[in-house]
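Below is the file coords04.txt, which contains compact mmCIF, C-alpha atoms and all ligand atoms.
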```
# COMPACT_ATOMS: atom_id res chain seq x y z
CA MET A 1 0.00 0.00 0.00
CA SER A 2 1.07 3.53 -0.66
CA ASP A 3 -0.35 6.98 -0.07
CA PHE A 4 -1.92 8.53 -3.16
CA VAL A 5 -0.82 12.14 -2.79
CA TYR A 6 2.96 12.20 -3.25
CA SER A 7 4.98 11.23 -6.31
CA LYS A 8 7.73 8.97 -5.04
CA LYS A 9 11.46 9.62 -5.30
CA PRO A 10 13.62 6.65 -6.32
CA ILE A 11 15.63 6.85 -3.06
CA ARG A 12 14.56 5.33 0.29
CA ILE A 13 16.05 7.43 3.08
CA GLU A 14 16.60 5.57 6.34
CA SER A 15 18.68 7.81 8.56
CA GLY A 16 20.19 11.27 8.91
CA ASP A 17 23.26 12.64 10.59
CA GLY A 18 24.29 16.29 10.41
CA VAL A 19 24.14 17.44 6.78
CA TYR A 20 23.90 13.88 5.43
CA MET A 21 21.10 11.39 4.91
CA THR A 22 21.63 7.70 4.14
CA ASP A 23 19.45 5.39 2.07
CA ASP A 24 18.65 1.71 2.55
CA ASP A 25 21.67 0.71 0.38
CA GLY A 26 24.02 2.69 2.62
CA THR A 27 24.50 5.46 0.03
CA GLU A 28 25.08 8.85 1.66
CA TYR A 29 23.44 12.02 0.31
CA LEU A 30 24.42 15.61 1.04
CA ASP A 31 21.15 17.20 2.11
CA LEU A 32 20.96 20.62 0.49
CA GLY A 33 17.19 20.55 0.20
CA GLY A 34 15.83 17.09 0.91
CA SER A 35 14.57 18.20 4.27
CA TYR A 36 12.87 21.36 2.91
CA ALA A 37 14.41 23.83 5.39
CA CYS A 38 13.10 21.77 8.31
CA VAL A 39 16.41 20.81 9.97
CA PRO A 40 18.40 24.04 10.42
CA LEU A 41 20.74 22.37 12.93
CA GLY A 42 21.22 19.23 10.84
CA HIS A 43 19.83 15.74 11.34
CA ASP A 44 20.07 13.92 14.68
CA HIS A 45 21.21 17.01 16.58
CA ASP A 46 22.33 16.09 20.12
CA ARG A 47 20.87 19.04 22.04
CA VAL A 48 17.49 18.77 20.31
CA LYS A 49 17.45 14.98 20.72
CA ASP A 50 18.29 15.22 24.43
CA ALA A 51 15.52 17.79 24.97
CA ILE A 52 13.02 15.49 23.24
CA HIS A 53 14.09 12.42 25.24
CA ASP A 54 14.00 14.34 28.48
CA GLN A 55 10.49 15.66 27.82
CA LEU A 56 9.24 12.28 26.56
CA SER A 57 9.97 10.74 29.92
CA LYS A 58 8.06 13.54 31.73
CA LEU A 59 4.92 14.30 29.73
CA THR A 60 3.99 13.86 26.07
CA TYR A 61 0.66 15.69 26.11
CA VAL A 62 -1.59 17.97 28.05
CA GLN A 63 -3.98 20.39 26.41
CA ALA A 64 -2.85 23.99 25.95
CA THR A 65 -5.20 25.47 28.58
CA TYR A 66 -3.04 23.74 31.26
CA PRO A 67 0.11 25.74 31.98
CA VAL A 68 3.23 23.60 31.43
CA GLY A 69 6.78 24.80 32.06
CA VAL A 70 8.26 23.72 28.75
CA ARG A 71 5.45 25.39 26.78
CA GLU A 72 5.71 28.59 28.79
CA GLU A 73 9.44 28.56 28.17
CA LEU A 74 8.74 28.45 24.43
CA TYR A 75 6.31 31.38 24.63
CA GLY A 76 9.15 33.34 26.27
CA THR A 77 11.79 32.10 23.80
CA LEU A 78 9.68 33.12 20.80
CA ALA A 79 8.52 36.44 22.25
CA ASP A 80 12.17 37.26 22.93
CA ALA A 81 13.21 36.22 19.42
CA ALA A 82 10.32 37.92 17.57
CA PRO A 83 10.98 41.19 15.73
CA GLY A 84 10.23 44.57 17.34
CA ASP A 85 7.47 44.68 19.92
CA ILE A 86 5.82 41.44 18.78
CA ASP A 87 5.51 39.32 21.91
CA ASN A 88 2.30 37.28 21.74
CA VAL A 89 2.58 33.65 20.64
CA TRP A 90 0.08 31.11 19.34
CA LEU A 91 1.35 27.58 18.64
CA CYS A 92 0.04 25.08 16.10
CA ASN A 93 1.38 22.18 14.04
CA SER A 94 2.35 23.40 10.58
CA GLY A 95 3.01 26.41 8.40
CA THR A 96 -0.38 26.51 6.75
CA GLU A 97 -2.11 26.54 10.15
CA ALA A 98 0.10 29.41 11.29
CA VAL A 99 -1.03 31.37 8.21
CA GLU A 100 -4.70 30.41 8.75
CA ALA A 101 -4.48 31.79 12.27
CA ALA A 102 -2.84 34.99 11.03
CA LEU A 103 -5.72 35.50 8.56
CA LYS A 104 -8.40 34.77 11.16
CA PHE A 105 -6.77 36.99 13.81
CA SER A 106 -6.47 39.84 11.26
CA ARG A 107 -10.13 39.63 10.30
CA SER A 108 -11.18 39.56 13.94
CA ALA A 109 -8.92 42.40 15.06
CA THR A 110 -9.79 44.71 12.15
CA GLY A 111 -13.41 43.73 11.52
CA ASN A 112 -12.52 43.74 7.80
CA THR A 113 -12.56 40.91 5.26
CA LYS A 114 -10.27 41.72 2.33
CA PHE A 115 -6.78 40.28 1.95
CA VAL A 116 -4.00 41.51 -0.30
CA ALA A 117 -1.39 38.95 -1.40
CA CYS A 118 1.24 38.64 -4.11
CA MET A 119 1.52 36.95 -7.46
CA ARG A 120 3.79 33.86 -7.20
CA ALA A 121 3.22 33.67 -3.43
CA PHE A 122 3.06 30.38 -1.54
CA HIS A 123 1.40 30.28 1.88
CA GLY A 124 0.14 26.71 2.30
CA ARG A 125 -2.51 24.26 1.20
CA THR A 126 -5.47 24.56 3.58
CA MET A 127 -8.42 26.50 2.21
CA GLY A 128 -7.56 29.92 3.68
CA SER A 129 -3.83 30.00 3.02
CA LEU A 130 -4.42 28.28 -0.34
CA SER A 131 -6.72 31.15 -1.31
CA LEU A 132 -3.78 33.56 -0.87
CA THR A 133 -1.37 31.23 -2.68
CA TRP A 134 -0.87 32.21 -6.31
CA LYS A 135 -0.51 29.04 -8.41
CA ASN A 136 -3.69 27.94 -10.11
CA LYS A 137 -2.39 24.38 -10.30
CA TYR A 138 -2.77 24.09 -6.53
CA LYS A 139 -6.17 25.83 -6.37
CA LYS A 140 -8.36 25.19 -9.38
CA GLN A 141 -9.77 21.82 -8.31
CA TYR A 142 -10.80 23.11 -4.88
CA GLU A 143 -12.67 26.26 -5.82
CA PRO A 144 -14.58 28.17 -4.64
CA LEU A 145 -11.96 29.37 -2.16
CA LEU A 146 -12.01 32.56 -0.06
CA GLU A 147 -13.30 35.59 -1.89
CA ASP A 148 -12.23 39.21 -1.43
CA ILE A 149 -8.57 38.72 -2.25
CA GLU A 150 -6.51 41.01 -4.45
CA PHE A 151 -3.18 39.84 -5.86
CA VAL A 152 -0.51 42.39 -6.80
CA ALA A 153 2.80 41.89 -8.57
CA TYR A 154 5.63 41.25 -6.09
CA ASN A 155 7.77 44.36 -5.56
CA ASP A 156 5.23 46.60 -7.33
CA SER A 157 4.86 49.20 -4.58
CA GLU A 158 2.38 51.33 -6.50
CA ALA A 159 0.02 48.40 -7.12
CA LEU A 160 0.27 47.37 -3.47
CA ALA A 161 -0.52 50.85 -2.18
CA ALA A 162 -3.50 51.05 -4.53
CA ALA A 163 -4.85 47.63 -3.45
CA VAL A 164 -4.95 48.42 0.29
CA ASP A 165 -8.22 50.15 1.20
CA ASP A 166 -10.68 50.63 4.07
CA ASP A 167 -11.99 47.05 3.68
CA THR A 168 -8.55 45.47 4.04
CA ALA A 169 -7.96 43.10 6.95
CA ALA A 170 -4.36 42.25 6.06
CA VAL A 171 -1.54 42.27 3.58
CA LEU A 172 0.30 38.92 3.52
CA LEU A 173 3.87 38.74 2.15
CA GLU A 174 6.95 36.52 2.11
CA PRO A 175 10.03 38.76 2.61
CA ILE A 176 11.71 36.47 0.07
CA GLN A 177 9.40 34.36 -2.09
CA GLY A 178 10.55 30.74 -1.78
CA GLU A 179 8.39 28.48 -3.90
CA GLY A 180 7.85 31.42 -6.28
CA GLY A 181 11.50 31.33 -7.39
CA ILE A 182 13.63 32.92 -4.60
CA ASN A 183 12.64 36.55 -5.12
CA PRO A 184 13.73 38.97 -2.37
CA ALA A 185 11.38 41.87 -1.55
CA THR A 186 12.81 45.34 -1.92
CA THR A 187 12.95 47.57 1.15
CA GLU A 188 10.67 49.99 -0.68
CA PHE A 189 8.02 47.29 -1.18
CA LEU A 190 7.99 46.29 2.49
CA GLU A 191 7.99 49.92 3.62
CA THR A 192 5.04 50.62 1.30
CA ALA A 193 3.21 47.62 2.77
CA ARG A 194 3.85 48.98 6.27
CA GLU A 195 2.69 52.51 5.44
CA ALA A 196 -0.38 51.41 3.49
CA THR A 197 -1.61 49.01 6.20
CA GLU A 198 -0.95 51.49 8.99
CA ALA A 199 -2.88 54.19 7.13
CA VAL A 200 -6.09 52.10 7.08
CA GLY A 201 -5.63 50.10 10.31
CA ALA A 202 -5.04 46.78 8.49
CA SER A 203 -2.55 44.21 9.70
CA LEU A 204 0.73 43.42 7.97
CA ILE A 205 1.65 39.73 8.03
CA PHE A 206 5.12 38.49 7.11
CA ASP A 207 5.19 34.81 6.27
CA GLU A 208 8.67 33.85 7.50
CA ILE A 209 7.98 30.12 7.37
CA GLN A 210 10.79 29.56 4.89
CA THR A 211 12.91 32.68 5.49
CA GLY A 212 12.93 32.71 9.29
CA LEU A 213 15.14 31.33 12.07
CA GLY A 214 18.49 32.38 10.67
CA ARG A 215 18.20 30.98 7.15
CA THR A 216 18.78 34.29 5.37
CA GLY A 217 21.61 35.40 7.63
CA ARG A 218 19.35 37.09 10.21
CA LEU A 219 16.94 35.55 12.67
CA TRP A 220 14.07 36.98 10.56
CA ASP A 221 14.59 38.11 7.00
CA SER A 222 12.44 41.20 7.56
CA GLN A 223 15.31 42.52 9.74
CA ARG A 224 17.13 43.07 6.43
CA THR A 225 14.80 46.01 5.80
CA GLY A 226 13.95 47.11 9.34
CA VAL A 227 10.21 46.88 8.62
CA VAL A 228 8.33 45.36 11.57
CA PRO A 229 5.00 43.68 10.73
CA ASP A 230 2.02 43.07 13.03
CA ILE A 231 2.15 39.29 12.63
CA VAL A 232 4.96 36.86 11.79
CA THR A 233 4.32 33.24 10.88
CA SER A 234 6.96 30.60 11.54
CA ALA A 235 7.11 26.80 11.07
CA LYS A 236 9.42 24.44 9.11
CA GLY A 237 12.72 24.35 11.08
CA LEU A 238 11.32 25.75 14.33
CA ALA A 239 11.56 22.36 16.09
CA ASN A 240 14.39 21.04 13.87
CA GLY A 241 12.17 18.58 12.02
CA LEU A 242 9.22 17.98 14.35
CA PRO A 243 5.81 19.39 13.35
CA ILE A 244 5.18 22.90 14.63
CA GLY A 245 3.85 26.27 13.54
CA ALA A 246 3.73 29.60 15.35
CA THR A 247 1.79 32.82 14.83
CA LEU A 248 3.53 35.71 16.59
CA CYS A 249 1.66 38.99 16.88
CA ARG A 250 1.47 42.45 18.37
CA ASP A 251 -0.84 43.27 21.29
CA TRP A 252 -3.59 44.89 19.20
CA ILE A 253 -4.04 41.63 17.28
CA ALA A 254 -3.82 39.38 20.37
CA GLU A 255 -6.32 41.51 22.28
CA ASP A 256 -9.04 40.85 19.68
CA TYR A 257 -8.05 37.55 18.06
CA GLY A 258 -11.55 36.01 18.10
CA ASN A 259 -11.94 32.36 19.06
CA HIS A 260 -9.33 29.81 18.01
CA ALA A 261 -7.70 26.56 19.19
CA SER A 262 -5.76 23.47 18.14
CA THR A 263 -5.67 20.14 19.99
CA PHE A 264 -1.95 19.45 19.49
CA GLY A 265 -0.67 23.04 19.34
CA GLY A 266 2.02 23.60 21.95
CA ASN A 267 2.64 19.89 22.46
CA PRO A 268 5.26 19.60 25.26
CA VAL A 269 7.66 17.31 23.36
CA ILE A 270 7.59 19.56 20.31
CA ALA A 271 7.95 22.62 22.56
CA ALA A 272 11.08 21.09 24.11
CA ALA A 273 12.54 20.51 20.65
CA ALA A 274 11.69 24.09 19.62
CA ASN A 275 13.24 25.61 22.77
CA ALA A 276 16.46 23.68 22.11
CA THR A 277 16.42 24.64 18.41
CA VAL A 278 15.84 28.37 18.83
CA SER A 279 18.27 28.64 21.76
CA THR A 280 21.00 26.82 19.80
CA ILE A 281 20.41 28.98 16.71
CA ARG A 282 20.86 32.13 18.80
CA GLU A 283 23.66 30.98 21.13
CA GLU A 284 25.79 29.45 18.36
CA GLU A 285 25.32 32.43 16.03
CA ILE A 286 23.88 30.23 13.33
CA PRO A 287 22.43 33.20 11.35
CA GLU A 288 25.92 34.70 11.01
CA HIS A 289 27.25 31.33 9.85
CA ALA A 290 24.40 31.10 7.29
CA ALA A 291 25.23 34.59 6.01
CA GLU A 292 28.91 33.71 5.49
CA THR A 293 28.40 30.25 4.01
CA GLY A 294 25.58 31.48 1.78
CA ALA A 295 27.73 34.34 0.46
CA TYR A 296 30.51 31.81 -0.24
CA LEU A 297 28.03 29.59 -2.12
CA ARG A 298 26.61 32.39 -4.26
CA ASP A 299 30.07 33.77 -4.96
CA ARG A 300 31.44 30.39 -6.10
CA VAL A 301 28.41 29.76 -8.34
CA GLU A 302 28.69 33.23 -9.87
CA ARG A 303 32.44 32.91 -10.47
CA GLU A 304 32.42 29.39 -11.85
CA LEU A 305 29.01 29.07 -13.44
CA GLY A 306 28.19 32.69 -14.18
CA GLU A 307 28.30 32.06 -17.93
CA GLU A 308 26.20 28.91 -17.71
CA VAL A 309 23.37 30.05 -15.44
CA ARG A 310 20.97 32.94 -15.90
CA ASP A 311 20.86 34.25 -12.32
CA VAL A 312 21.87 33.51 -8.74
CA ARG A 313 19.48 34.93 -6.12
CA GLY A 314 18.78 34.84 -2.42
CA GLU A 315 20.13 35.68 0.99
CA GLY A 316 22.16 33.50 3.34
CA LEU A 317 21.36 29.84 2.81
CA MET A 318 18.18 30.44 0.84
CA VAL A 319 19.63 30.33 -2.64
CA GLY A 320 18.03 30.02 -6.07
CA ILE A 321 19.97 29.37 -9.25
CA GLU A 322 18.14 30.06 -12.51
CA VAL A 323 19.54 27.27 -14.68
CA GLY A 324 17.65 28.12 -17.88
CA ARG A 325 16.48 24.55 -18.38
CA SER A 326 14.37 21.98 -16.51
CA ALA A 327 15.34 22.25 -12.83
CA ASN A 328 14.02 18.73 -12.27
CA GLY A 329 16.50 17.28 -14.79
CA VAL A 330 19.40 19.00 -13.03
CA LEU A 331 18.12 17.83 -9.64
CA ARG A 332 17.85 14.23 -10.82
CA ASP A 333 21.46 14.23 -12.06
CA LEU A 334 22.67 15.87 -8.85
CA ALA A 335 20.96 13.19 -6.77
CA ILE A 336 21.73 10.08 -8.81
CA ASP A 337 25.22 10.91 -10.11
CA HIS A 338 26.53 13.04 -7.24
CA GLY A 339 24.57 12.12 -4.11
CA ILE A 340 23.32 15.70 -3.61
CA LEU A 341 19.69 16.50 -2.78
CA ALA A 342 18.26 19.92 -3.69
CA LEU A 343 14.86 21.37 -4.64
CA PRO A 344 13.13 23.15 -7.50
CA ALA A 345 11.50 26.58 -7.15
CA GLY A 346 9.37 26.78 -10.26
CA ARG A 347 10.37 25.11 -13.54
CA THR A 348 13.87 26.48 -14.05
CA VAL A 349 15.24 27.37 -10.62
CA VAL A 350 17.37 25.00 -8.52
CA ARG A 351 16.87 25.87 -4.86
CA PHE A 352 19.24 25.17 -1.98
CA LEU A 353 17.76 25.19 1.55
CA PRO A 354 20.40 23.19 3.42
CA PRO A 355 20.85 22.73 7.15
CA LEU A 356 22.37 26.01 8.34
CA VAL A 357 25.39 24.17 9.74
CA ILE A 358 26.87 23.25 6.34
CA GLU A 359 30.52 24.16 5.86
CA GLU A 360 32.46 25.48 2.88
CA THR A 361 33.68 21.97 2.03
CA HIS A 362 30.05 20.93 1.47
CA VAL A 363 29.51 24.00 -0.69
CA ASP A 364 32.62 23.13 -2.73
CA ARG A 365 31.31 19.64 -3.35
CA ALA A 366 27.88 21.00 -4.40
CA VAL A 367 29.28 23.63 -6.77
CA ASP A 368 31.68 21.14 -8.40
CA ALA A 369 28.79 18.73 -8.92
CA LEU A 370 26.51 21.46 -10.28
CA ALA A 371 29.25 22.53 -12.70
CA GLU A 372 29.59 18.98 -13.96
CA VAL A 373 25.83 18.55 -14.40
CA ILE A 374 25.30 21.91 -16.09
CA THR A 375 28.35 22.07 -18.33
C1 LIG B 1 6.42 30.59 2.82
C2 LIG B 1 5.63 29.38 3.18
N1 LIG B 1 4.45 29.53 3.79
C3 LIG B 1 3.69 28.46 4.17
C4 LIG B 1 4.11 27.17 3.92
C5 LIG B 1 3.26 26.01 4.32
O1 LIG B 1 3.87 25.29 5.36
P1 LIG B 1 3.38 23.80 5.68
O2 LIG B 1 3.78 22.95 4.53
O3 LIG B 1 4.10 23.45 6.96
O4 LIG B 1 1.91 23.84 5.86
C6 LIG B 1 5.35 26.97 3.27
C7 LIG B 1 5.80 25.62 2.95
O5 LIG B 1 6.63 25.38 2.10
C8 LIG B 1 6.12 28.10 2.90
O6 LIG B 1 7.30 27.96 2.27
```
Output the file's structure as structure tokens, nothing else.
Amino acid sequence: MSDFVYSKKPIRIESGDGVYMTDDDGTEYLDLGGSYACVPLGHDHDRVKDAIHDQLSKLTYVQATYPVGVREELYGTLADAAPGDIDNVWLCNSGTEAVEAALKFSRSATGNTKFVACMRAFHGRTMGSLSLTWKNKYKKQYEPLLEDIEFVAYNDSEALAAAVDDDTAAVLLEPIQGEGGINPATTEFLETAREATEAVGASLIFDEIQTGLGRTGRLWDSQRTGVVPDIVTSAKGLANGLPIGATLCRDWIAEDYGNHASTFGGNPVIAAAANATVSTIREEEIPEHAAETGAYLRDRVERELGEEVRDVRGEGLMVGIEVGRSANGVLRDLAIDHGILALPAGRTVVRFLPPLVIEETHVDRAVDALAEVIT
């Protein structure tokens, strides 16, 4: 028996250690994308594993209305890590749920219904976040979705300012579009979003599910521009591979969030993993390491493959290489011939979202392999 939703890769992964994963034949793969940005500290990380084991032997579940030390610690950890004066935390189990909550909280706090989102955006697959996701391929079969949504071109400040009006509940943006092809927002675009939402009392939501937690060389990518939103969504690597989502918001949103809940949100074992993950990322200066290693990666690709590829984009260890041909073909050759796992971002972009602990030697191996595949 098999599930019917996923197309299957021809590799059966059995274990992971640091930046490597190993299949059932004992072949080792360098994981530059196989774990989809979900293991920032690498596989089988000791501090995270110890925190999980420790919590497992104490308590695996109690509902979120019961105060529990490890969960309260995570509220504090995230409030402390969140940008600006954002210090309210709601925990759930995935990225799409974190976005759903952000949309619901925005509607409740503003009393408005309209959402403004961007062309080529990706925010998740449940009905609300799917409605603000751009690609028709993901949406068509499930319509009708949410109404009252206006899409504007990414980085078109004028169009964004014009779309935000008195009916707007929120503007939802990725500071760097991931799935959409690794497109960084300009400072002007984010500043326009901030001014336009403030002018009408709408909320500004930054979806940092892929960009957050040090990946782009800062704890949150929005720190690149200094623009502070009203809500930040986080998920993916927040518990170094265990399922979690978080919606972090300012007081005015939290004070009037409506009525919301999730049975497993704030699970103590997951909270222990998240505390260990976020603390390690901050204490070990992982964002700085991501900035340096990412710059080294982009620089090597530009120097050695500049003629062969159309563009190299991104920040830190969120890197997209426009290869000008089928990304999937390149990815297959990288995996089968070179033991390197990466991701597509659209049809022609090869995307690297490795564990943030990769070293320059891993980058060297990846760039040499990419050069061989492409040339
Ligand atoms: C920016 C962004 N938002 C939301 C999501 C949805 O997260 P999840 O798959 O955990 O629901 C993703 C997942 O790739 C994402 O990259």
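A distance search around ligand LIG 1 (chain B) (7 Å at most, all atoms listed in the file) returns the following protein and nucleic acid residues: Ser94, Gly95, Thr96, Glu97, Val99, Phe122, His123, Gly124, Arg125, Glu174, Gln177, Gly178, Glu179, Asp207, Glu208, Ile209, Gln210, Ala235 and Lys236 of chain A.
Reported to one decimal place, the separation of CA of Ile321 (chain A) from CA of Val309 (chain A) is 7.1 Å.
Look at everything within 7 Å of (-3.7, 46.2, 3.9) using all atoms listed in the file, and the residues you get are A:Phe115, A:Val116, A:Val164, A:Asp165, A:Thr168, A:Ala169, A:Ala170, A:Val171, A:Ala196, A:Thr197, A:Ala202, A:Ser203, A:Leu204.
Using only C-alpha atoms, the protein and nucleic acid residues lying no more than 10 Å from Trp220 (chain A), apart from those fewer than 4 places from it along its own chain, are A:Ala81, A:Ala82, A:Pro83, A:Pro175, A:Phe206, A:Glu208, A:Ile209, A:Gln210, A:Thr211, A:Gly212, A:Leu213, A:Gly214, A:Arg215, A:Thr216, A:Arg224, A:Val232, A:Ser234, A:Pro287.
Taking CA of Trp134 (chain A) and CA of Ala102 (chain A) as the two end points, the separation is 17.7 Å.
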